[in-house]
Amino acid sequence: MAAATASAPVGISDSSFTDKGKPTEVRLSNMNAAKAVADAVRTSLGPKGMDKMIQTSTGEVVITNDGATILKHMAVLHPAARMLVELSQAQDIEAGDGTTSVVVLAGSLLSAAEKLLNQGIHPTTVAQSFQKAASKAVEFLDEMSIPVDLNDRESLLKAARTSLNSKIVSQYSSTLAPIAVSAVTRLVSSSSHNVDLRDIRIVKKVGGTIEDTELVEGLALNQIAMSNAGGPTRMEKAKIGLIQFQLSSPKPDMDNQIVVNDYRQMDKILKEERQYLLNLCKRIKKTGCNVLLIQKSILRDAVTDLSLHFLAKLKILVIKDIERDEIDFIAKSTGSKPVADIEAFTEDKLGYAELVEETSQAGAKVVKVTGVKNPGQTVSVVCTGANDLVLEESERSLHDALCVVRCLVKKRALIAGGGAPEINVSRLLTEYAHTLKGKEAYCFQAFAEALEIIPTTLAENAGLNPIAIVTELRNKHALGDKNAGINVKKGIISNILEENVVQPLLVSTSALELATETVALILRIDDIQVSYLKIVWRLDLQADILFSLNSSHDR
């Protein structure tokens, strides 16, 4: 009876969106451009997905299968296609993972919407029905989710490994997953509802392999210790000073040139400079400081060779060229306070640590601060790799794993992976669509079918027969096995929870909601207006130009 009722909208024509054909052409153009972007990244979905090699305008080469990174580097000109790029970025901010899935899902929803438009259903009806279907789908996902406790480290590791298994560095998931879990769990408490990933610092160093990546109990610095003047590279019982003033001779605000003709005056200038720098270094040593971090300076040298010589004699470990945006993190990590003037540099501004030392592994030098007396809520990770390409991808993969664990802090629930939730929600939505009437029933049915793009793509990218796999998967779910998913490694349908393939609930719900919002937005656009710069001619100016043109023509 419900099916007979739902057949009513076929062939219905709404002149409000096909009038003169122009808005429909624009809408189809928008949909085709957005689908082209979705098709471009579709092959990189899943553990068996392909990688993309991107050459940037500067000649830099990037190899990745991360959806957000691929789209960020793509030269997308069409405004509707750019909406999918922004969609991927929104998913990256909200969940950190599922950036490819959300774009593929949006492309599939647009294809479903196009079929509905061809049947004569109004775009507004389609958009509203899709949003209702997305809300219902999120409810179904909540029902099938498994609550997770942040103290259950094994569950967190499973989610992090699942995220890493679809990356280029998947063979190192056993190394990176525990680091990601440990880094995030150190920043959370039982009452935490979010984690600021800016409190996790990733220091990249070329050298060694990804297996050498480690979590540092304290602070890791990208800069190296200044040992060229004979200064120390290791300091126990460290008292750390963080300065924002320069240890070099002062310069006037304006460029002035001083001509000295007398050698005695020249010696006096050099002696004054030497004395000035020596006094600065002595005042620093007087506070008890034995590790000095110096902020990078633009106007003049942050530290001179003479200053380094004095500091080395005073047995002070010096690290220069600290970036301005690193100051807050270092201050928070070590307990030291940044000082902008030597007059304010006192003992209470120092941070304390058991050990500061420069270590070298596989040719990569890094300074580690460990045993901090009053540690802040920060974590450092030293990320290593054989070359820049591997290192960049390793950092992106680690960031995704950190985001997955953060998702579990924000919404403490897991769901199965391998296309299981999409097929389950698709089946439940189809059943729910039979209870509806009219156009809405068609829209819900189309939305349910569009969700099957995820398991279909997973099967295609794994070299399996997508029709046979998805049909078998539907059958398993119809028989009540709601955790049945595609095991791409074995090429079969199995209980995906037993294979430890899980993902945070937030990744799936966020992808569904954001993809549906973007599709609804594209459907509501019926025309594109281009604004041009208006040039208003003054009559007297126009007359002058015409006169000069005529004069030159006569000549």
# chains A, B, ... in the order shown; residues from 1 in each chain; ligands from 1
>>> closest_atom_pairs(of="stretch 152-186 of chain A", to="stretch 29-51 of chain A", cutoff="10 Å", atoms="only C-alpha atoms", output="JSON lines")
{"residue": "A:Thr162", "atom": "CA", "partner": "A:Pro47", "partner_atom": "CA", "distance": 8.8}
{"residue": "A:Ser163", "atom": "CA", "partner": "A:Pro47", "partner_atom": "CA", "distance": 9.0}
{"residue": "A:Leu164", "atom": "CA", "partner": "A:Pro47", "partner_atom": "CA", "distance": 8.7}
{"residue": "A:Asn165", "atom": "CA", "partner": "A:Pro47", "partner_atom": "CA", "distance": 5.7}
{"residue": "A:Ser166", "atom": "CA", "partner": "A:Pro47", "partner_atom": "CA", "distance": 3.7}
{"residue": "A:Lys167", "atom": "CA", "partner": "A:Pro47", "partner_atom": "CA", "distance": 6.9}
{"residue": "A:Ile168", "atom": "CA", "partner": "A:Asp51", "partner_atom": "CA", "distance": 7.7}
{"residue": "A:Ser170", "atom": "CA", "partner": "A:Pro47", "partner_atom": "CA", "distance": 8.3}
>>> write_last_selection(atoms="all heavy atoms", output="PDB file, in the first residue's frame")
ATOM      1  N   THR A 162      42.875   1.631  13.077  1.00  0.00           N
ATOM      2  CA  THR A 162      41.967   1.628  11.924  1.00  0.00           C
ATOM      3  C   THR A 162      42.187   2.861  11.063  1.00  0.00           C
ATOM      4  O   THR A 162      42.207   2.790   9.830  1.00  0.00           O
ATOM      5  CB  THR A 162      40.498   1.563  12.393  1.00  0.00           C
ATOM      6  OG1 THR A 162      40.315   0.406  13.199  1.00  0.00           O
ATOM      7  CG2 THR A 162      39.549   1.503  11.210  1.00  0.00           C
ATOM      8  N   SER A 163      42.370   4.009  11.712  1.00  0.00           N
ATOM      9  CA  SER A 163      42.639   5.250  10.974  1.00  0.00           C
ATOM     10  C   SER A 163      43.952   5.165  10.209  1.00  0.00           C
ATOM     11  O   SER A 163      44.037   5.552   9.037  1.00  0.00           O
ATOM     12  CB  SER A 163      42.675   6.436  11.946  1.00  0.00           C
ATOM     13  OG  SER A 163      43.141   7.601  11.310  1.00  0.00           O
ATOM     14  N   LEU A 164      44.992   4.618  10.854  1.00  0.00           N
ATOM     15  CA  LEU A 164      46.322   4.544  10.235  1.00  0.00           C
ATOM     16  C   LEU A 164      46.399   3.483   9.138  1.00  0.00           C
ATOM     17  O   LEU A 164      47.240   3.586   8.241  1.00  0.00           O
ATOM     18  CB  LEU A 164      47.376   4.256  11.308  1.00  0.00           C
ATOM     19  CG  LEU A 164      47.647   5.396  12.307  1.00  0.00           C
ATOM     20  CD1 LEU A 164      48.431   4.891  13.501  1.00  0.00           C
ATOM     21  CD2 LEU A 164      48.413   6.535  11.626  1.00  0.00           C
ATOM     22  N   ASN A 165      45.524   2.481   9.182  1.00  0.00           N
ATOM     23  CA  ASN A 165      45.582   1.392   8.202  1.00  0.00           C
ATOM     24  C   ASN A 165      45.249   1.841   6.785  1.00  0.00           C
ATOM     25  O   ASN A 165      45.560   1.138   5.828  1.00  0.00           O
ATOM     26  CB  ASN A 165      44.643   0.244   8.617  1.00  0.00           C
ATOM     27  CG  ASN A 165      45.264  -0.625   9.697  1.00  0.00           C
ATOM     28  OD1 ASN A 165      46.480  -0.635   9.871  1.00  0.00           O
ATOM     29  ND2 ASN A 165      44.437  -1.337  10.436  1.00  0.00           N
ATOM     30  N   SER A 166      44.596   2.988   6.642  1.00  0.00           N
ATOM     31  CA  SER A 166      44.263   3.481   5.302  1.00  0.00           C
ATOM     32  C   SER A 166      45.323   4.456   4.779  1.00  0.00           C
ATOM     33  O   SER A 166      45.148   5.056   3.731  1.00  0.00           O
ATOM     34  CB  SER A 166      42.892   4.160   5.310  1.00  0.00           C
ATOM     35  OG  SER A 166      42.927   5.305   6.132  1.00  0.00           O
ATOM     36  N   LYS A 167      46.423   4.615   5.526  1.00  0.00           N
ATOM     37  CA  LYS A 167      47.462   5.573   5.140  1.00  0.00           C
ATOM     38  C   LYS A 167      48.648   4.860   4.481  1.00  0.00           C
ATOM     39  O   LYS A 167      48.787   3.641   4.548  1.00  0.00           O
ATOM     40  CB  LYS A 167      47.969   6.337   6.383  1.00  0.00           C
ATOM     41  CG  LYS A 167      46.876   6.966   7.226  1.00  0.00           C
ATOM     42  CD  LYS A 167      46.127   8.046   6.498  1.00  0.00           C
ATOM     43  CE  LYS A 167      45.040   8.650   7.377  1.00  0.00           C
ATOM     44  NZ  LYS A 167      44.191   9.571   6.648  1.00  0.00           N
ATOM     45  N   ILE A 168      49.523   5.682   3.883  1.00  0.00           N
ATOM     46  CA  ILE A 168      50.745   5.145   3.275  1.00  0.00           C
ATOM     47  C   ILE A 168      51.612   4.462   4.333  1.00  0.00           C
ATOM     48  O   ILE A 168      52.281   3.470   4.070  1.00  0.00           O
ATOM     49  CB  ILE A 168      51.535   6.286   2.577  1.00  0.00           C
ATOM     50  CG1 ILE A 168      50.725   6.857   1.404  1.00  0.00           C
ATOM     51  CG2 ILE A 168      52.887   5.789   2.081  1.00  0.00           C
ATOM     52  CD1 ILE A 168      51.342   8.085   0.763  1.00  0.00           C
ATOM     53  N   SER A 170      50.787   2.691   6.841  1.00  0.00           N
ATOM     54  CA  SER A 170      49.975   1.715   7.585  1.00  0.00           C
ATOM     55  C   SER A 170      50.813   0.634   8.264  1.00  0.00           C
ATOM     56  O   SER A 170      50.437   0.119   9.318  1.00  0.00           O
ATOM     57  CB  SER A 170      48.963   1.064   6.647  1.00  0.00           C
ATOM     58  OG  SER A 170      49.616   0.449   5.559  1.00  0.00           O
TER      59      SER A 170
END
>>> residues_around(residues="A:Leu514", least_positions_apart="5", cutoff="8 Å", atoms="only C-alpha atoms", output="JSON list (two decimals) with all heavy atoms, in the first residue's frame")
[["chain", "number", "residue", "atom", "x", "y", "z"],
["A", 87, "LEU", "N", 34.05, 21.56, 2.32],
["A", 87, "LEU", "CA", 33.39, 20.48, 3.07],
["A", 87, "LEU", "C", 34.44, 19.55, 3.68],
["A", 87, "LEU", "O", 34.34, 19.18, 4.86],
["A", 87, "LEU", "CB", 32.47, 19.71, 2.13],
["A", 87, "LEU", "CG", 31.96, 18.34, 2.61],
["A", 87, "LEU", "CD1", 31.03, 18.52, 3.81],
["A", 87, "LEU", "CD2", 31.23, 17.61, 1.49],
["A", 90, "ALA", "N", 36.06, 21.27, 6.54],
["A", 90, "ALA", "CA", 35.16, 21.31, 7.71],
["A", 90, "ALA", "C", 35.18, 19.98, 8.46],
["A", 90, "ALA", "O", 35.20, 19.94, 9.69],
["A", 90, "ALA", "CB", 33.74, 21.64, 7.26],
["A", 91, "GLN", "N", 35.19, 18.88, 7.71],
["A", 91, "GLN", "CA", 35.27, 17.54, 8.33],
["A", 91, "GLN", "C", 36.61, 17.36, 9.04],
["A", 91, "GLN", "O", 36.67, 16.76, 10.12],
["A", 91, "GLN", "CB", 35.08, 16.46, 7.27],
["A", 91, "GLN", "CG", 35.28, 15.03, 7.74],
["A", 91, "GLN", "CD", 34.14, 14.51, 8.61],
["A", 91, "GLN", "OE1", 33.15, 15.21, 8.81],
["A", 91, "GLN", "NE2", 34.29, 13.31, 9.13],
["A", 102, "VAL", "N", 33.58, 11.88, 3.39],
["A", 102, "VAL", "CA", 32.55, 12.92, 3.37],
["A", 102, "VAL", "C", 32.36, 13.47, 1.96],
["A", 102, "VAL", "O", 31.23, 13.76, 1.53],
["A", 102, "VAL", "CB", 32.90, 14.04, 4.39],
["A", 102, "VAL", "CG1", 34.06, 14.90, 3.92],
["A", 102, "VAL", "CG2", 31.70, 14.92, 4.65]]
>>> atom_distance(atom1="atom CA of A:Asn487", atom2="atom CA of A:Thr213")
29.1 Å
>>> select_by_dssp(residues="stretch 230-412 of chain A", states="strand (DSSP E)", output="PyMOL selection string")
chain A and resi 234-243+291-295+317-322+338-339+351-361+364-372+379-385
>>> write_last_selection(atoms="N, CA and C atoms", output="short mmCIF file (atom, residue, chain, number, x, y, z; two decimals), in the first residue's frame")
data_model
loop_
_atom_site.label_atom_id
_atom_site.label_comp_id
_atom_site.auth_asym_id
_atom_site.auth_seq_id
_atom_site.Cartn_x
_atom_site.Cartn_y
_atom_site.Cartn_z
N ARG A 234 74.65 19.59 27.20
CA ARG A 234 73.90 18.80 28.19
C ARG A 234 73.95 19.54 29.52
N MET A 235 72.79 19.64 30.18
CA MET A 235 72.75 20.36 31.45
C MET A 235 71.80 19.65 32.41
N GLU A 236 72.35 19.17 33.53
CA GLU A 236 71.52 18.58 34.57
C GLU A 236 71.09 19.66 35.55
N LYS A 237 69.99 19.40 36.26
CA LYS A 237 69.41 20.38 37.19
C LYS A 237 69.26 21.74 36.49
N ALA A 238 68.59 21.70 35.36
CA ALA A 238 68.51 22.89 34.50
C ALA A 238 67.55 23.94 35.07
N LYS A 239 68.02 25.20 34.97
CA LYS A 239 67.17 26.36 35.28
C LYS A 239 67.03 27.12 33.96
N ILE A 240 65.81 27.10 33.43
CA ILE A 240 65.60 27.53 32.04
C ILE A 240 65.07 28.96 31.99
N GLY A 241 65.80 29.79 31.26
CA GLY A 241 65.37 31.18 31.02
C GLY A 241 64.89 31.34 29.58
N LEU A 242 63.81 32.08 29.40
CA LEU A 242 63.22 32.32 28.07
C LEU A 242 63.20 33.82 27.82
N ILE A 243 64.11 34.29 26.95
CA ILE A 243 64.24 35.74 26.76
C ILE A 243 63.80 36.17 25.36
N VAL A 291 70.36 27.39 31.36
CA VAL A 291 69.85 27.06 30.02
C VAL A 291 69.10 28.28 29.51
N LEU A 292 69.52 28.81 28.36
CA LEU A 292 68.95 30.05 27.85
C LEU A 292 68.33 29.83 26.47
N LEU A 293 67.04 30.11 26.38
CA LEU A 293 66.32 30.04 25.11
C LEU A 293 66.10 31.46 24.60
N ILE A 294 66.58 31.76 23.39
CA ILE A 294 66.56 33.13 22.86
C ILE A 294 65.61 33.20 21.66
N GLN A 295 64.66 34.14 21.73
CA GLN A 295 63.70 34.30 20.63
C GLN A 295 64.39 34.86 19.39
N LEU A 317 73.98 26.74 28.65
CA LEU A 317 73.57 26.10 27.40
C LEU A 317 72.64 27.06 26.65
N VAL A 318 72.96 27.35 25.39
CA VAL A 318 72.21 28.36 24.63
C VAL A 318 71.50 27.70 23.44
N ILE A 319 70.22 28.03 23.29
CA ILE A 319 69.44 27.62 22.11
C ILE A 319 68.81 28.88 21.54
N LYS A 320 69.17 29.21 20.31
CA LYS A 320 68.67 30.46 19.72
C LYS A 320 67.63 30.16 18.64
N ASP A 321 67.10 31.24 18.06
CA ASP A 321 66.12 31.18 16.95
C ASP A 321 64.81 30.49 17.35
N ILE A 322 64.38 30.72 18.59
CA ILE A 322 63.05 30.24 19.00
C ILE A 322 62.02 31.12 18.30
N PRO A 338 58.34 34.20 29.67
CA PRO A 338 59.12 34.98 28.70
C PRO A 338 59.41 36.39 29.23
N VAL A 339 60.66 36.83 29.03
CA VAL A 339 61.11 38.14 29.54
C VAL A 339 61.57 38.98 28.37
N GLY A 351 62.26 28.39 34.58
CA GLY A 351 61.63 27.08 34.67
C GLY A 351 62.67 26.06 35.12
N TYR A 352 62.21 24.95 35.69
CA TYR A 352 63.15 23.97 36.24
C TYR A 352 62.91 22.59 35.62
N ALA A 353 64.02 21.92 35.28
CA ALA A 353 63.93 20.57 34.70
C ALA A 353 65.13 19.75 35.17
N GLU A 354 64.96 18.44 35.22
CA GLU A 354 66.04 17.54 35.64
C GLU A 354 67.16 17.50 34.60
N LEU A 355 66.79 17.51 33.31
CA LEU A 355 67.81 17.35 32.27
C LEU A 355 67.41 18.06 30.98
N VAL A 356 68.36 18.79 30.41
CA VAL A 356 68.23 19.36 29.06
C VAL A 356 69.44 18.87 28.28
N GLU A 357 69.20 18.13 27.21
CA GLU A 357 70.34 17.63 26.43
C GLU A 357 70.01 17.55 24.95
N GLU A 358 71.07 17.69 24.15
CA GLU A 358 70.93 17.54 22.70
C GLU A 358 71.27 16.10 22.35
N THR A 359 70.31 15.39 21.75
CA THR A 359 70.55 14.00 21.37
C THR A 359 70.58 13.89 19.85
N SER A 360 71.24 12.87 19.38
CA SER A 360 71.35 12.64 17.94
C SER A 360 71.02 11.18 17.66
N GLN A 361 70.08 10.97 16.72
CA GLN A 361 69.75 9.60 16.32
C GLN A 361 69.60 9.58 14.79
N ALA A 364 69.84 12.91 12.99
CA ALA A 364 68.88 13.97 13.32
C ALA A 364 69.12 14.44 14.75
N LYS A 365 69.41 15.73 14.91
CA LYS A 365 69.67 16.31 16.23
C LYS A 365 68.41 16.96 16.77
N VAL A 366 68.13 16.73 18.04
CA VAL A 366 66.97 17.33 18.69
C VAL A 366 67.29 17.59 20.16
N VAL A 367 66.81 18.70 20.69
CA VAL A 367 67.02 19.03 22.10
C VAL A 367 65.79 18.58 22.89
N LYS A 368 66.04 17.81 23.96
CA LYS A 368 64.94 17.31 24.80
C LYS A 368 65.05 17.89 26.21
N VAL A 369 63.92 18.34 26.72
CA VAL A 369 63.83 18.83 28.10
C VAL A 369 62.98 17.83 28.87
N THR A 370 63.58 17.12 29.82
CA THR A 370 62.85 16.08 30.55
C THR A 370 62.90 16.33 32.06
N GLY A 371 61.96 15.72 32.75
CA GLY A 371 61.90 15.88 34.20
C GLY A 371 61.54 17.27 34.63
N VAL A 372 60.57 17.89 33.94
CA VAL A 372 60.16 19.27 34.25
C VAL A 372 59.49 19.29 35.62
N VAL A 379 52.38 18.00 25.40
CA VAL A 379 53.10 16.78 25.00
C VAL A 379 53.89 17.09 23.74
N SER A 380 55.08 16.50 23.62
CA SER A 380 55.89 16.65 22.41
C SER A 380 56.14 15.28 21.78
N VAL A 381 56.11 15.25 20.45
CA VAL A 381 56.38 14.02 19.71
C VAL A 381 57.48 14.31 18.70
N VAL A 382 58.55 13.52 18.70
CA VAL A 382 59.62 13.66 17.70
C VAL A 382 59.31 12.68 16.58
N CYS A 383 58.98 13.24 15.42
CA CYS A 383 58.56 12.44 14.26
C CYS A 383 59.73 12.35 13.28
N THR A 384 60.17 11.16 12.95
CA THR A 384 61.33 10.98 12.07
C THR A 384 60.93 10.23 10.80
N GLY A 385 61.74 10.40 9.77
CA GLY A 385 61.48 9.73 8.49
C GLY A 385 62.71 9.82 7.60
#
>>> atom_distance(atom1="atom CA of A:Asp526", atom2="atom CA of A:Glu25")
8.5 Å
>>> residues_around(residues="A:Pro178", least_positions_apart="2", cutoff="9 Å", atoms="only C-alpha atoms", output="list in words")
Arg153, Leu156, Leu157, Ala160, Arg161, Ser173, Ser174, Thr175, Leu176, Ala180, Val181, Ser182 and Ala183 of chain A
>>> residues_around(residues="A:Thr287", least_positions_apart="2", cutoff="12 Å", atoms="only C-alpha atoms", output="ChimeraX atom specification")
/A:239-241,280-285,289-292,316,342-351
>>> residues_around(residues="A:Ile415", least_positions_apart="5", cutoff="6 Å", atoms="only C-alpha atoms", output="short mmCIF file (atom, residue, chain, number, x, y, z; two decimals) with N, CA and C atoms, in the first residue's frame")
data_model
loop_
_atom_site.label_atom_id
_atom_site.label_comp_id
_atom_site.auth_asym_id
_atom_site.auth_seq_id
_atom_site.Cartn_x
_atom_site.Cartn_y
_atom_site.Cartn_z
N SER A 145 25.91 2.18 18.09
CA SER A 145 27.25 2.49 18.61
C SER A 145 27.54 1.75 19.91
N VAL A 502 37.36 -0.53 13.87
CA VAL A 502 36.35 0.35 14.50
C VAL A 502 36.72 1.79 14.22
N GLN A 503 35.72 2.67 14.34
CA GLN A 503 35.96 4.09 14.14
C GLN A 503 35.08 4.88 15.11
N LEU A 505 32.25 7.24 16.56
CA LEU A 505 30.90 7.58 16.10
C LEU A 505 30.88 8.98 15.50
#
>>> closest_atom_pairs(of="stretch 438-485 of chain A", to="stretch 110-129 of chain A", cutoff="6 Å", atoms="only C-alpha atoms", output="Markdown table")
| residue | atom | partner | partner_atom | distance |
| --- | --- | --- | --- | --- |
| A:Glu440 | CA | A:Ser129 | CA | 5.8 |
| A:Cys443 | CA | A:Ser129 | CA | 6.0 |
| A:Ala446 | CA | A:Ala112 | CA | 5.7 |
>>> atom_distance(atom1="atom CA of A:Lys251", atom2="atom CA of A:Asp341")
15.6 Å
>>> decode(residues="stretch 372-389 of chain A", atoms="N, CA and C atoms", output="compact mmCIF listing (two decimals), in the first residue's frame")
# COMPACT_ATOMS: atom_id res chain seq x y z
N VAL A 372 60.57 17.89 33.94
CA VAL A 372 60.16 19.27 34.25
C VAL A 372 59.49 19.29 35.62
N LYS A 373 59.86 20.29 36.43
CA LYS A 373 59.38 20.37 37.82
C LYS A 373 57.88 20.66 37.87
N ASN A 374 57.44 21.66 37.11
CA ASN A 374 56.02 22.02 37.08
C ASN A 374 55.49 21.90 35.65
N PRO A 375 55.30 20.67 35.17
CA PRO A 375 54.92 20.50 33.77
C PRO A 375 53.50 20.99 33.49
N GLY A 376 53.33 21.62 32.33
CA GLY A 376 51.99 22.03 31.91
C GLY A 376 51.31 20.89 31.18
N GLN A 377 50.09 21.12 30.76
CA GLN A 377 49.33 20.10 30.02
C GLN A 377 49.76 20.12 28.55
N THR A 378 50.99 19.70 28.29
CA THR A 378 51.50 19.67 26.91
C THR A 378 52.26 18.36 26.67
N VAL A 379 52.38 18.00 25.40
CA VAL A 379 53.10 16.78 25.00
C VAL A 379 53.89 17.09 23.74
N SER A 380 55.08 16.50 23.62
CA SER A 380 55.89 16.65 22.41
C SER A 380 56.14 15.28 21.78
N VAL A 381 56.11 15.25 20.45
CA VAL A 381 56.38 14.02 19.71
C VAL A 381 57.48 14.31 18.70
N VAL A 382 58.55 13.52 18.70
CA VAL A 382 59.62 13.66 17.70
C VAL A 382 59.31 12.68 16.58
N CYS A 383 58.98 13.24 15.42
CA CYS A 383 58.56 12.44 14.26
C CYS A 383 59.73 12.35 13.28
N THR A 384 60.17 11.16 12.95
CA THR A 384 61.33 10.98 12.07
C THR A 384 60.93 10.23 10.80
N GLY A 385 61.74 10.40 9.77
CA GLY A 385 61.48 9.73 8.49
C GLY A 385 62.71 9.82 7.60
N ALA A 386 62.77 8.93 6.63
CA ALA A 386 63.96 8.83 5.78
C ALA A 386 64.12 10.04 4.87
N ASN A 387 63.01 10.63 4.42
CA ASN A 387 63.07 11.83 3.57
C ASN A 387 61.85 12.70 3.83
N ASP A 388 61.84 13.86 3.18
CA ASP A 388 60.77 14.84 3.45
C ASP A 388 59.39 14.31 3.07
N LEU A 389 59.29 13.56 1.95
CA LEU A 389 57.99 13.06 1.50
C LEU A 389 57.38 12.11 2.54
